[in-house]
Amino acid sequence: MMLEEILLLLEQKQSQEGDSGTDVVLELNWDCLQSSAQTMAALLSLFALAPMPWSLVSKAARAASLDFDLVVNRDILVQKYLLQQLDDNTYQLQERIREFLSIKGEELADIEKLKWGFCSAIVAIAKDIPETPTQSKIIEITPAIPHLVEVVTNHNDYLNDEDLIWPFIGLGRFYQGQGAYEQALPWYQQCLSTVRERLGEEHLYVASSLNNLAGLYWSQGRYQKAKPLFQEALDLRKRLLSEEHPDVADSLNNLGGLYKSQGRYQETEPLHQQTAKLRKKHTIKLKKPLLGKQHRDVAKPLILLFEENKFPDCLTMEFKVEPVSTGIFSSRKIEQLKLYLTIQFNEQWVQMPFGRVSFGLKGGELRLRLKNGKIPLAARNFSGSFDPDVEKERKQQESKENHSKVEASWNKNQPGVKGNHGQKNTGGTTDEFQFIDPQITTKGSEETPAWVFEVKTGQPVFKGLLKEVELGTIDVMAKPCYIEATFEVFRPDVYLTGAEGLWSPEISREERVVLDRKIALLILKHQLKPYLSKVVLKYDLSPRFAMSN
């Protein structure tokens, strides 16, 4: 019997028995599902009411770190008439079933994790849409478009600040690249308003949004609308960057191109001259370090491409690699690297309206994404323990207090940390500085290994320093080899350790638990997602080449 026939019978039963007919059958089907199948169903309910390419579902599942068999659970949902198979690679939910699964999904403990994973996978699709997509690329992207719309329409809260702009840009490029300017326009407009609302007026994403919207108006020949937006983007980039930044050169070039389209050649020439001058200067700066006599010594095998520790009092991490030497008679062809981690945990105070809270971590996951490299399971390690030197840690803490105060800004427009130099921080200390050993297990594939941190039963949050512990040995399959490391946390991992000025001391313990959970969710929703800390490294040249004369 087909799904449509089942639903027809259910509707007939509903008309006979009232509203309970469909709900009773769905409830029975839901209750007989194992937790993995329920999690799978909840993930599917996040997608738009449109055909779902299985490849896209798989990406969302990986981003949400689902570790069960996706195909087995998918087939169970099909057998239970909760999911419809359209073809070998495409599935869809019926509207009433999607609504039911969405309600049930909200009751699952992992729903936040599923939403972040879903949005992360869709954002990756948006980032892959080129400015001028080819016909084949348009055909490839089209099935994902309804789900991209679903993200920006209903799941904006699960886009972190770094990714906020991308779904809008992806939709704008998709339509603008086909000449469908009127369909592209609302996405560029929504992008600008959304970025301003969350990040404020003084943000580089505002400049990018202004520039994209102006570019669309330019393509439409609406020059009077494009000009003030290009000018505003230029002025903002000058304020936030510098007069000589490459992005400023791009804005100058755009404004000059617009004037040229209007036949305003006398105004075009000086802008293009400024653009050429800035780009030439920037090119010289990029090349200069490689032109000296010692340029071979400048080359380093390991390059830090990106580093961000959003709450450095709570967690900081650093990495280093050491090449594994090969003996003279070794037959090993693959170059190998030892990967070492230094990580430090403590409590972090966060400023909020009417008070502040402190939090620490009871868990988290260190995840690696390797390009042109892999760490086999047998080559993984985690040796070492937290530094037991309490007095040394106290001195480091006191020194930090006396020289600077680093506190997290609760302002959602400026997530992360801000430094207030010359002020003493009395909020980052604890009376008893305990060093808590984590329980650490490993999981994941060779290209995406992960280490799961958990506090031991009955212990408080992580505190202490792990210094240069060996994570494992990387097989370098090709160069350059990229190592992207993120430390990610979820709602149960964030533990409130203190609060000041937020609520009356007379409230009950039960009320305090509820408030603590809500505060933890607020902290996690934007500022700790998609990661708490991130480091990206590039390994390119061999050490022998780097040291040659």
# chains A, B, ... in the order shown; residues from 1 in each chain; ligands from 1
call {"tool": "select_by_dssp", "arguments": {"residues": "segment 134-346 of chain A", "states": "helix (DSSP H, G or I)", "output": "ChimeraX atom specification"}}
result
/A:135-154,156-158,166-176,181-199,204-220,223-240,246-261,265-290,295-298
call {"tool": "write_last_selection", "arguments": {"atoms": "C-alpha atoms", "output": "tab-separated table (two decimals), in the first residue's frame"}}
result
chain	number	residue	atom	x	y	z
A	135	GLN	CA	24.33	25.80	-16.39
A	136	SER	CA	25.63	22.47	-15.09
A	137	LYS	CA	26.31	24.02	-11.68
A	138	ILE	CA	22.78	25.49	-11.58
A	139	ILE	CA	21.31	22.06	-12.28
A	140	GLU	CA	23.50	20.55	-9.57
A	141	ILE	CA	22.53	23.18	-6.97
A	142	THR	CA	18.79	23.40	-7.74
A	143	PRO	CA	17.66	20.52	-5.45
A	144	ALA	CA	19.32	22.22	-2.46
A	145	ILE	CA	17.67	25.63	-2.99
A	146	PRO	CA	14.40	24.95	-1.05
A	147	HIS	CA	16.46	23.77	1.92
A	148	LEU	CA	18.66	26.84	1.69
A	149	VAL	CA	15.50	28.95	1.83
A	150	GLU	CA	14.36	26.93	4.86
A	151	VAL	CA	17.57	27.81	6.72
A	152	VAL	CA	17.31	31.57	6.19
A	153	THR	CA	13.57	31.58	6.82
A	154	ASN	CA	13.20	29.37	9.89
A	156	ASN	CA	18.51	31.86	11.35
A	157	ASP	CA	19.25	31.45	15.05
A	158	TYR	CA	21.38	28.40	14.26
A	166	TRP	CA	26.44	32.93	3.28
A	167	PRO	CA	22.95	31.46	2.74
A	168	PHE	CA	21.74	34.85	1.48
A	169	ILE	CA	24.75	35.24	-0.80
A	170	GLY	CA	24.26	31.72	-2.13
A	171	LEU	CA	20.62	32.37	-3.01
A	172	GLY	CA	21.47	35.75	-4.52
A	173	ARG	CA	24.20	34.26	-6.71
A	174	PHE	CA	21.97	31.37	-7.79
A	175	TYR	CA	19.30	33.70	-9.17
A	176	GLN	CA	21.53	36.57	-10.29
A	181	TYR	CA	17.47	39.73	-10.84
A	182	GLU	CA	14.07	40.26	-9.23
A	183	GLN	CA	14.30	36.84	-7.55
A	184	ALA	CA	17.82	37.63	-6.33
A	185	LEU	CA	16.91	41.09	-4.99
A	186	PRO	CA	14.99	40.10	-1.81
A	187	TRP	CA	17.81	37.80	-0.67
A	188	TYR	CA	20.43	40.55	-0.94
A	189	GLN	CA	18.05	42.94	0.84
A	190	GLN	CA	17.35	40.44	3.61
A	191	CYS	CA	21.06	39.79	3.93
A	192	LEU	CA	21.75	43.46	4.62
A	193	SER	CA	18.92	43.85	7.14
A	194	THR	CA	19.78	40.57	8.94
A	195	VAL	CA	23.47	41.40	9.23
A	196	ARG	CA	22.73	44.90	10.52
A	197	GLU	CA	20.27	43.55	13.08
A	198	ARG	CA	22.65	40.95	14.54
A	199	LEU	CA	26.13	42.41	13.95
A	204	LEU	CA	32.64	44.15	7.50
A	205	TYR	CA	29.69	41.89	6.61
A	206	VAL	CA	27.59	45.05	6.33
A	207	ALA	CA	30.07	46.39	3.77
A	208	SER	CA	29.92	43.10	1.84
A	209	SER	CA	26.11	43.13	1.91
A	210	LEU	CA	26.00	46.72	0.68
A	211	ASN	CA	28.43	45.85	-2.09
A	212	ASN	CA	26.43	42.80	-3.22
A	213	LEU	CA	23.15	44.70	-3.28
A	214	ALA	CA	24.77	47.57	-5.19
A	215	GLY	CA	26.21	45.09	-7.69
A	216	LEU	CA	22.75	43.70	-8.37
A	217	TYR	CA	21.33	47.18	-8.93
A	218	TRP	CA	24.24	47.88	-11.28
A	219	SER	CA	23.42	44.71	-13.28
A	220	GLN	CA	19.83	45.96	-13.57
A	223	TYR	CA	22.63	53.24	-11.22
A	224	GLN	CA	21.06	55.78	-8.88
A	225	LYS	CA	20.30	53.01	-6.37
A	226	ALA	CA	23.72	51.38	-6.75
A	227	LYS	CA	25.89	54.50	-6.28
A	228	PRO	CA	25.11	55.37	-2.62
A	229	LEU	CA	25.45	51.71	-1.61
A	230	PHE	CA	28.87	51.37	-3.27
A	231	GLN	CA	29.92	54.64	-1.58
A	232	GLU	CA	28.67	53.47	1.82
A	233	ALA	CA	30.55	50.17	1.46
A	234	LEU	CA	33.73	52.08	0.53
A	235	ASP	CA	33.46	54.43	3.51
A	236	LEU	CA	32.80	51.54	5.91
A	237	ARG	CA	35.77	49.53	4.67
A	238	LYS	CA	38.04	52.54	5.05
A	239	ARG	CA	36.90	52.96	8.67
A	240	LEU	CA	37.14	49.30	9.62
A	246	PRO	CA	42.73	45.34	-0.84
A	247	ASP	CA	38.99	45.43	-0.05
A	248	VAL	CA	39.14	49.22	-0.28
A	249	ALA	CA	40.72	48.81	-3.72
A	250	ASP	CA	37.81	46.57	-4.74
A	251	SER	CA	35.27	49.18	-3.60
A	252	LEU	CA	37.09	51.91	-5.51
A	253	ASN	CA	37.11	49.72	-8.61
A	254	ASN	CA	33.37	49.02	-8.28
A	255	LEU	CA	32.56	52.71	-7.95
A	256	GLY	CA	34.77	53.51	-10.93
A	257	GLY	CA	33.09	50.82	-13.02
A	258	LEU	CA	29.68	52.22	-12.15
A	259	TYR	CA	30.72	55.72	-13.24
A	260	LYS	CA	32.07	54.28	-16.47
A	261	SER	CA	28.71	52.60	-17.17
A	265	TYR	CA	34.70	59.13	-17.55
A	266	GLN	CA	36.33	62.10	-15.77
A	267	GLU	CA	35.23	60.64	-12.42
A	268	THR	CA	36.15	57.10	-13.46
A	269	GLU	CA	39.84	57.71	-14.21
A	270	PRO	CA	41.05	58.84	-10.77
A	271	LEU	CA	39.23	55.95	-9.07
A	272	HIS	CA	40.83	53.41	-11.38
A	273	GLN	CA	44.25	55.01	-10.82
A	274	GLN	CA	43.79	54.70	-7.04
A	275	THR	CA	42.74	51.08	-7.50
A	276	ALA	CA	45.80	50.22	-9.61
A	277	LYS	CA	48.12	51.96	-7.11
A	278	LEU	CA	46.71	50.09	-4.12
A	279	ARG	CA	46.78	46.72	-5.87
A	280	LYS	CA	50.37	47.25	-7.00
A	281	LYS	CA	51.42	48.20	-3.46
A	282	HIS	CA	49.66	45.17	-2.01
A	283	THR	CA	51.32	42.84	-4.56
A	284	ILE	CA	54.76	44.20	-3.64
A	285	LYS	CA	54.07	43.61	0.05
A	286	LEU	CA	53.10	40.01	-0.63
A	287	LYS	CA	56.18	39.29	-2.69
A	288	LYS	CA	58.76	41.15	-0.63
A	289	PRO	CA	59.45	38.48	2.05
A	290	LEU	CA	60.38	35.98	-0.67
A	295	HIS	CA	64.32	33.68	1.24
A	296	ARG	CA	64.86	29.93	1.65
A	297	ASP	CA	65.23	30.43	5.38
A	298	VAL	CA	61.96	32.33	5.45
call {"tool": "residues_around", "arguments": {"residues": "Ala485 of chain A", "least_positions_apart": "2", "cutoff": "10 Å", "atoms": "only C-alpha atoms", "output": "PDB file with all heavy atoms, in the first residue's frame"}}
result
ATOM      1  N   GLU A 307      43.497  31.190  13.525  1.00  0.00           N
ATOM      2  CA  GLU A 307      43.446  30.815  14.938  1.00  0.00           C
ATOM      3  C   GLU A 307      42.407  31.679  15.635  1.00  0.00           C
ATOM      4  O   GLU A 307      42.389  32.894  15.478  1.00  0.00           O
ATOM      5  CB  GLU A 307      44.803  30.999  15.611  1.00  0.00           C
ATOM      6  CG  GLU A 307      44.810  30.594  17.077  1.00  0.00           C
ATOM      7  CD  GLU A 307      46.190  30.758  17.710  1.00  0.00           C
ATOM      8  OE1 GLU A 307      46.925  31.693  17.298  1.00  0.00           O
ATOM      9  OE2 GLU A 307      46.529  29.968  18.601  1.00  0.00           O
ATOM     10  N   MET A 317      43.763  26.564  22.775  1.00  0.00           N
ATOM     11  CA  MET A 317      44.491  25.394  22.280  1.00  0.00           C
ATOM     12  C   MET A 317      45.485  25.807  21.201  1.00  0.00           C
ATOM     13  O   MET A 317      45.245  26.753  20.453  1.00  0.00           O
ATOM     14  CB  MET A 317      43.535  24.322  21.751  1.00  0.00           C
ATOM     15  CG  MET A 317      42.685  24.703  20.572  1.00  0.00           C
ATOM     16  SD  MET A 317      41.611  23.317  20.081  1.00  0.00           S
ATOM     17  CE  MET A 317      40.943  23.972  18.543  1.00  0.00           C
ATOM     18  N   GLU A 318      46.603  25.100  21.189  1.00  0.00           N
ATOM     19  CA  GLU A 318      47.664  25.308  20.210  1.00  0.00           C
ATOM     20  C   GLU A 318      48.128  23.949  19.714  1.00  0.00           C
ATOM     21  O   GLU A 318      47.997  22.941  20.415  1.00  0.00           O
ATOM     22  CB  GLU A 318      48.844  26.065  20.829  1.00  0.00           C
ATOM     23  CG  GLU A 318      48.506  27.458  21.337  1.00  0.00           C
ATOM     24  CD  GLU A 318      49.685  28.123  22.022  1.00  0.00           C
ATOM     25  OE1 GLU A 318      50.729  27.448  22.167  1.00  0.00           O
ATOM     26  OE2 GLU A 318      49.571  29.294  22.408  1.00  0.00           O
ATOM     27  N   PHE A 319      48.720  23.939  18.506  1.00  0.00           N
ATOM     28  CA  PHE A 319      49.190  22.689  17.918  1.00  0.00           C
ATOM     29  C   PHE A 319      50.612  22.867  17.387  1.00  0.00           C
ATOM     30  O   PHE A 319      51.018  23.971  17.022  1.00  0.00           O
ATOM     31  CB  PHE A 319      48.280  22.256  16.757  1.00  0.00           C
ATOM     32  CG  PHE A 319      46.913  21.851  17.176  1.00  0.00           C
ATOM     33  CD1 PHE A 319      45.914  22.803  17.348  1.00  0.00           C
ATOM     34  CD2 PHE A 319      46.610  20.527  17.416  1.00  0.00           C
ATOM     35  CE1 PHE A 319      44.651  22.440  17.750  1.00  0.00           C
ATOM     36  CE2 PHE A 319      45.348  20.159  17.817  1.00  0.00           C
ATOM     37  CZ  PHE A 319      44.366  21.105  17.990  1.00  0.00           C
ATOM     38  N   LEU A 366      37.110  17.514  20.356  1.00  0.00           N
ATOM     39  CA  LEU A 366      38.171  18.045  19.509  1.00  0.00           C
ATOM     40  C   LEU A 366      38.099  17.296  18.188  1.00  0.00           C
ATOM     41  O   LEU A 366      38.275  16.070  18.151  1.00  0.00           O
ATOM     42  CB  LEU A 366      39.528  17.837  20.167  1.00  0.00           C
ATOM     43  CG  LEU A 366      40.749  18.162  19.294  1.00  0.00           C
ATOM     44  CD1 LEU A 366      40.776  19.635  18.911  1.00  0.00           C
ATOM     45  CD2 LEU A 366      42.035  17.762  19.992  1.00  0.00           C
ATOM     46  N   ARG A 367      37.822  18.032  17.116  1.00  0.00           N
ATOM     47  CA  ARG A 367      37.652  17.404  15.807  1.00  0.00           C
ATOM     48  C   ARG A 367      38.702  17.915  14.835  1.00  0.00           C
ATOM     49  O   ARG A 367      38.970  19.111  14.775  1.00  0.00           O
ATOM     50  CB  ARG A 367      36.257  17.691  15.248  1.00  0.00           C
ATOM     51  CG  ARG A 367      35.125  17.175  16.119  1.00  0.00           C
ATOM     52  CD  ARG A 367      33.789  17.488  15.479  1.00  0.00           C
ATOM     53  NE  ARG A 367      32.678  17.081  16.330  1.00  0.00           N
ATOM     54  CZ  ARG A 367      31.406  17.269  16.038  1.00  0.00           C
ATOM     55  NH1 ARG A 367      31.086  17.885  14.912  1.00  0.00           N
ATOM     56  NH2 ARG A 367      30.452  16.864  16.855  1.00  0.00           N
ATOM     57  N   LEU A 368      39.256  17.008  14.062  1.00  0.00           N
ATOM     58  CA  LEU A 368      40.202  17.360  13.015  1.00  0.00           C
ATOM     59  C   LEU A 368      39.572  17.075  11.654  1.00  0.00           C
ATOM     60  O   LEU A 368      38.840  16.088  11.501  1.00  0.00           O
ATOM     61  CB  LEU A 368      41.499  16.558  13.133  1.00  0.00           C
ATOM     62  CG  LEU A 368      42.324  16.693  14.407  1.00  0.00           C
ATOM     63  CD1 LEU A 368      43.629  15.941  14.245  1.00  0.00           C
ATOM     64  CD2 LEU A 368      42.584  18.143  14.755  1.00  0.00           C
ATOM     65  N   ARG A 369      39.860  17.951  10.720  1.00  0.00           N
ATOM     66  CA  ARG A 369      39.529  17.686   9.327  1.00  0.00           C
ATOM     67  C   ARG A 369      40.837  17.786   8.553  1.00  0.00           C
ATOM     68  O   ARG A 369      41.442  18.861   8.497  1.00  0.00           O
ATOM     69  CB  ARG A 369      38.490  18.689   8.811  1.00  0.00           C
ATOM     70  CG  ARG A 369      37.114  18.503   9.413  1.00  0.00           C
ATOM     71  CD  ARG A 369      36.121  19.533   8.855  1.00  0.00           C
ATOM     72  NE  ARG A 369      34.770  19.314   9.359  1.00  0.00           N
ATOM     73  CZ  ARG A 369      34.328  19.782  10.520  1.00  0.00           C
ATOM     74  NH1 ARG A 369      35.125  20.510  11.286  1.00  0.00           N
ATOM     75  NH2 ARG A 369      33.099  19.531  10.924  1.00  0.00           N
ATOM     76  N   LEU A 370      41.248  16.691   7.963  1.00  0.00           N
ATOM     77  CA  LEU A 370      42.536  16.629   7.277  1.00  0.00           C
ATOM     78  C   LEU A 370      42.316  16.590   5.768  1.00  0.00           C
ATOM     79  O   LEU A 370      41.479  15.830   5.283  1.00  0.00           O
ATOM     80  CB  LEU A 370      43.313  15.382   7.715  1.00  0.00           C
ATOM     81  CG  LEU A 370      43.567  15.243   9.218  1.00  0.00           C
ATOM     82  CD1 LEU A 370      44.220  13.897   9.523  1.00  0.00           C
ATOM     83  CD2 LEU A 370      44.440  16.370   9.732  1.00  0.00           C
ATOM     84  N   THR A 448      38.790  12.437   9.367  1.00  0.00           N
ATOM     85  CA  THR A 448      38.068  13.298  10.323  1.00  0.00           C
ATOM     86  C   THR A 448      38.078  12.673  11.715  1.00  0.00           C
ATOM     87  O   THR A 448      37.010  12.358  12.278  1.00  0.00           O
ATOM     88  CB  THR A 448      36.617  13.530   9.853  1.00  0.00           C
ATOM     89  OG1 THR A 448      35.967  12.259   9.718  1.00  0.00           O
ATOM     90  CG2 THR A 448      36.576  14.294   8.546  1.00  0.00           C
ATOM     91  N   PRO A 449      39.261  12.480  12.293  1.00  0.00           N
ATOM     92  CA  PRO A 449      39.314  11.899  13.642  1.00  0.00           C
ATOM     93  C   PRO A 449      38.811  12.890  14.685  1.00  0.00           C
ATOM     94  O   PRO A 449      38.845  14.109  14.480  1.00  0.00           O
ATOM     95  CB  PRO A 449      40.802  11.596  13.830  1.00  0.00           C
ATOM     96  CG  PRO A 449      41.496  12.614  12.974  1.00  0.00           C
ATOM     97  CD  PRO A 449      40.593  12.812  11.782  1.00  0.00           C
ATOM     98  N   ALA A 450      38.342  12.366  15.802  1.00  0.00           N
ATOM     99  CA  ALA A 450      37.831  13.217  16.879  1.00  0.00           C
ATOM    100  C   ALA A 450      38.185  12.597  18.222  1.00  0.00           C
ATOM    101  O   ALA A 450      38.327  11.378  18.352  1.00  0.00           O
ATOM    102  CB  ALA A 450      36.321  13.403  16.754  1.00  0.00           C
ATOM    103  N   TYR A 482      46.553  20.070   4.889  1.00  0.00           N
ATOM    104  CA  TYR A 482      45.848  21.027   5.739  1.00  0.00           C
ATOM    105  C   TYR A 482      45.294  20.314   6.973  1.00  0.00           C
ATOM    106  O   TYR A 482      44.757  19.203   6.878  1.00  0.00           O
ATOM    107  CB  TYR A 482      44.707  21.695   4.980  1.00  0.00           C
ATOM    108  CG  TYR A 482      45.173  22.603   3.871  1.00  0.00           C
ATOM    109  CD1 TYR A 482      45.331  22.119   2.577  1.00  0.00           C
ATOM    110  CD2 TYR A 482      45.458  23.947   4.115  1.00  0.00           C
ATOM    111  CE1 TYR A 482      45.766  22.950   1.553  1.00  0.00           C
ATOM    112  CE2 TYR A 482      45.882  24.779   3.097  1.00  0.00           C
ATOM    113  CZ  TYR A 482      46.036  24.282   1.826  1.00  0.00           C
ATOM    114  OH  TYR A 482      46.469  25.110   0.812  1.00  0.00           O
ATOM    115  N   ILE A 483      45.437  20.967   8.117  1.00  0.00           N
ATOM    116  CA  ILE A 483      44.928  20.443   9.383  1.00  0.00           C
ATOM    117  C   ILE A 483      43.988  21.493   9.966  1.00  0.00           C
ATOM    118  O   ILE A 483      44.412  22.580  10.348  1.00  0.00           O
ATOM    119  CB  ILE A 483      46.068  20.166  10.381  1.00  0.00           C
ATOM    120  CG1 ILE A 483      47.126  19.255   9.763  1.00  0.00           C
ATOM    121  CG2 ILE A 483      45.520  19.581  11.684  1.00  0.00           C
ATOM    122  CD1 ILE A 483      48.426  19.205  10.548  1.00  0.00           C
ATOM    123  N   PHE A 487      37.361  22.790  18.495  1.00  0.00           N
ATOM    124  CA  PHE A 487      36.845  22.246  19.750  1.00  0.00           C
ATOM    125  C   PHE A 487      35.390  22.683  19.835  1.00  0.00           C
ATOM    126  O   PHE A 487      35.100  23.883  19.896  1.00  0.00           O
ATOM    127  CB  PHE A 487      37.627  22.749  20.957  1.00  0.00           C
ATOM    128  CG  PHE A 487      37.382  21.924  22.193  1.00  0.00           C
ATOM    129  CD1 PHE A 487      38.226  20.872  22.524  1.00  0.00           C
ATOM    130  CD2 PHE A 487      36.295  22.181  23.023  1.00  0.00           C
ATOM    131  CE1 PHE A 487      38.002  20.090  23.644  1.00  0.00           C
ATOM    132  CE2 PHE A 487      36.056  21.419  24.144  1.00  0.00           C
ATOM    133  CZ  PHE A 487      36.915  20.361  24.475  1.00  0.00           C
ATOM    134  N   GLU A 488      34.484  21.709  19.828  1.00  0.00           N
ATOM    135  CA  GLU A 488      33.061  21.992  19.739  1.00  0.00           C
ATOM    136  C   GLU A 488      32.352  21.517  21.004  1.00  0.00           C
ATOM    137  O   GLU A 488      32.714  20.485  21.580  1.00  0.00           O
ATOM    138  CB  GLU A 488      32.462  21.311  18.502  1.00  0.00           C
ATOM    139  CG  GLU A 488      33.160  21.740  17.216  1.00  0.00           C
ATOM    140  CD  GLU A 488      32.642  21.019  15.992  1.00  0.00           C
ATOM    141  OE1 GLU A 488      31.500  20.531  16.035  1.00  0.00           O
ATOM    142  OE2 GLU A 488      33.394  20.945  15.008  1.00  0.00           O
ATOM    143  N   TYR A 531      31.887  26.499  16.849  1.00  0.00           N
ATOM    144  CA  TYR A 531      33.017  25.963  17.603  1.00  0.00           C
ATOM    145  C   TYR A 531      33.373  26.954  18.702  1.00  0.00           C
ATOM    146  O   TYR A 531      33.053  28.138  18.633  1.00  0.00           O
ATOM    147  CB  TYR A 531      34.222  25.723  16.694  1.00  0.00           C
ATOM    148  CG  TYR A 531      34.631  26.938  15.885  1.00  0.00           C
ATOM    149  CD1 TYR A 531      35.365  27.974  16.453  1.00  0.00           C
ATOM    150  CD2 TYR A 531      34.258  27.077  14.557  1.00  0.00           C
ATOM    151  CE1 TYR A 531      35.718  29.106  15.724  1.00  0.00           C
ATOM    152  CE2 TYR A 531      34.605  28.193  13.819  1.00  0.00           C
ATOM    153  CZ  TYR A 531      35.337  29.199  14.408  1.00  0.00           C
ATOM    154  OH  TYR A 531      35.685  30.318  13.691  1.00  0.00           O
ATOM    155  N   SER A 533      36.780  26.951  19.834  1.00  0.00           N
ATOM    156  CA  SER A 533      38.116  27.331  19.367  1.00  0.00           C
ATOM    157  C   SER A 533      38.388  26.651  18.030  1.00  0.00           C
ATOM    158  O   SER A 533      37.871  25.560  17.765  1.00  0.00           O
ATOM    159  CB  SER A 533      39.198  26.920  20.372  1.00  0.00           C
ATOM    160  OG  SER A 533      39.106  27.672  21.551  1.00  0.00           O
ATOM    161  N   LYS A 534      39.205  27.325  17.211  1.00  0.00           N
ATOM    162  CA  LYS A 534      39.533  26.763  15.899  1.00  0.00           C
ATOM    163  C   LYS A 534      40.955  27.152  15.510  1.00  0.00           C
ATOM    164  O   LYS A 534      41.381  28.287  15.723  1.00  0.00           O
ATOM    165  CB  LYS A 534      38.546  27.277  14.845  1.00  0.00           C
ATOM    166  CG  LYS A 534      38.787  26.728  13.431  1.00  0.00           C
ATOM    167  CD  LYS A 534      37.707  27.213  12.479  1.00  0.00           C
ATOM    168  CE  LYS A 534      37.896  26.678  11.083  1.00  0.00           C
ATOM    169  NZ  LYS A 534      36.829  27.106  10.153  1.00  0.00           N
ATOM    170  N   VAL A 535      41.672  26.195  14.945  1.00  0.00           N
ATOM    171  CA  VAL A 535      43.033  26.417  14.445  1.00  0.00           C
ATOM    172  C   VAL A 535      43.135  25.733  13.083  1.00  0.00           C
ATOM    173  O   VAL A 535      42.686  24.592  12.927  1.00  0.00           O
ATOM    174  CB  VAL A 535      44.099  25.838  15.399  1.00  0.00           C
ATOM    175  CG1 VAL A 535      45.498  26.010  14.804  1.00  0.00           C
ATOM    176  CG2 VAL A 535      44.031  26.507  16.764  1.00  0.00           C
ATOM    177  N   VAL A 536      43.697  26.433  12.097  1.00  0.00           N
ATOM    178  CA  VAL A 536      43.918  25.846  10.773  1.00  0.00           C
ATOM    179  C   VAL A 536      45.396  25.966  10.442  1.00  0.00           C
ATOM    180  O   VAL A 536      45.965  27.067  10.479  1.00  0.00           O
ATOM    181  CB  VAL A 536      43.072  26.539   9.685  1.00  0.00           C
ATOM    182  CG1 VAL A 536      43.300  25.872   8.334  1.00  0.00           C
ATOM    183  CG2 VAL A 536      41.590  26.503  10.044  1.00  0.00           C
ATOM    184  N   LEU A 537      46.020  24.834  10.110  1.00  0.00           N
ATOM    185  CA  LEU A 537      47.442  24.781   9.795  1.00  0.00           C
ATOM    186  C   LEU A 537      47.647  24.235   8.395  1.00  0.00           C
ATOM    187  O   LEU A 537      46.838  23.437   7.897  1.00  0.00           O
ATOM    188  CB  LEU A 537      48.191  23.876  10.791  1.00  0.00           C
ATOM    189  CG  LEU A 537      48.078  24.235  12.273  1.00  0.00           C
ATOM    190  CD1 LEU A 537      48.616  23.101  13.119  1.00  0.00           C
ATOM    191  CD2 LEU A 537      48.831  25.519  12.573  1.00  0.00           C
TER     192      LEU A 537
END
call {"tool": "residues_around", "arguments": {"residues": "segment 336-351 of chain A", "least_positions_apart": "5", "cutoff": "8 Å", "atoms": "only C-alpha atoms", "output": "ChimeraX atom specification"}}
result
/A:311-324,356-361,407-410,427-428,461-476,497
call {"tool": "write_last_selection", "arguments": {"atoms": "C-alpha atoms", "output": "mmCIF file, in the first residue's frame"}}
result
data_model
loop_
_atom_site.group_PDB
_atom_site.id
_atom_site.type_symbol
_atom_site.label_atom_id
_atom_site.label_comp_id
_atom_site.auth_asym_id
_atom_site.auth_seq_id
_atom_site.Cartn_x
_atom_site.Cartn_y
_atom_site.Cartn_z
ATOM 1 C CA PHE A 311 36.644 32.508 25.240
ATOM 2 C CA PRO A 312 40.349 32.313 26.125
ATOM 3 C CA ASP A 313 39.695 32.085 29.868
ATOM 4 C CA CYS A 314 37.528 29.028 29.263
ATOM 5 C CA LEU A 315 39.672 27.288 26.665
ATOM 6 C CA THR A 316 42.735 27.882 24.513
ATOM 7 C CA MET A 317 44.491 25.394 22.280
ATOM 8 C CA GLU A 318 47.664 25.308 20.210
ATOM 9 C CA PHE A 319 49.190 22.689 17.918
ATOM 10 C CA LYS A 320 52.610 21.757 16.656
ATOM 11 C CA VAL A 321 53.922 19.037 14.355
ATOM 12 C CA GLU A 322 57.253 17.256 14.166
ATOM 13 C CA PRO A 323 58.309 15.242 11.104
ATOM 14 C CA VAL A 324 58.930 11.569 11.794
ATOM 15 C CA ARG A 356 27.191 38.303 34.829
ATOM 16 C CA VAL A 357 27.676 34.528 34.910
ATOM 17 C CA SER A 358 30.665 32.207 34.885
ATOM 18 C CA PHE A 359 30.747 28.902 33.058
ATOM 19 C CA GLY A 360 33.060 26.003 32.441
ATOM 20 C CA LEU A 361 33.028 22.821 30.395
ATOM 21 C CA GLU A 407 35.876 39.244 29.707
ATOM 22 C CA ALA A 408 33.364 38.023 27.171
ATOM 23 C CA SER A 409 30.996 40.557 25.702
ATOM 24 C CA TRP A 410 27.360 39.603 25.964
ATOM 25 C CA GLY A 427 36.021 37.568 38.539
ATOM 26 C CA GLY A 428 38.256 35.001 36.855
ATOM 27 C CA VAL A 461 34.194 21.425 35.129
ATOM 28 C CA PHE A 462 37.546 21.012 33.409
ATOM 29 C CA LYS A 463 40.428 23.024 34.868
ATOM 30 C CA GLY A 464 44.095 22.790 34.117
ATOM 31 C CA LEU A 465 46.690 22.550 31.382
ATOM 32 C CA LEU A 466 47.563 19.751 29.010
ATOM 33 C CA LYS A 467 50.900 20.611 27.455
ATOM 34 C CA GLU A 468 52.174 19.166 24.179
ATOM 35 C CA VAL A 469 50.424 15.822 24.433
ATOM 36 C CA GLU A 470 50.690 13.605 21.400
ATOM 37 C CA LEU A 471 47.429 13.234 19.477
ATOM 38 C CA GLY A 472 48.708 10.874 16.835
ATOM 39 C CA THR A 473 50.727 10.407 13.667
ATOM 40 C CA ILE A 474 49.570 11.939 10.397
ATOM 41 C CA ASP A 475 50.279 10.196 7.118
ATOM 42 C CA VAL A 476 50.906 12.976 4.578
ATOM 43 C CA THR A 497 29.557 27.821 37.869
#
call {"tool": "residues_around", "arguments": {"residues": "Leu108 of chain A", "least_positions_apart": "4", "cutoff": "10 Å", "atoms": "only C-alpha atoms", "output": "list of chain:residue names"}}
result
A:Ser35, A:Gln38, A:Thr39, A:Ala42, A:Ile103, A:Lys104, A:Glu112, A:Leu114
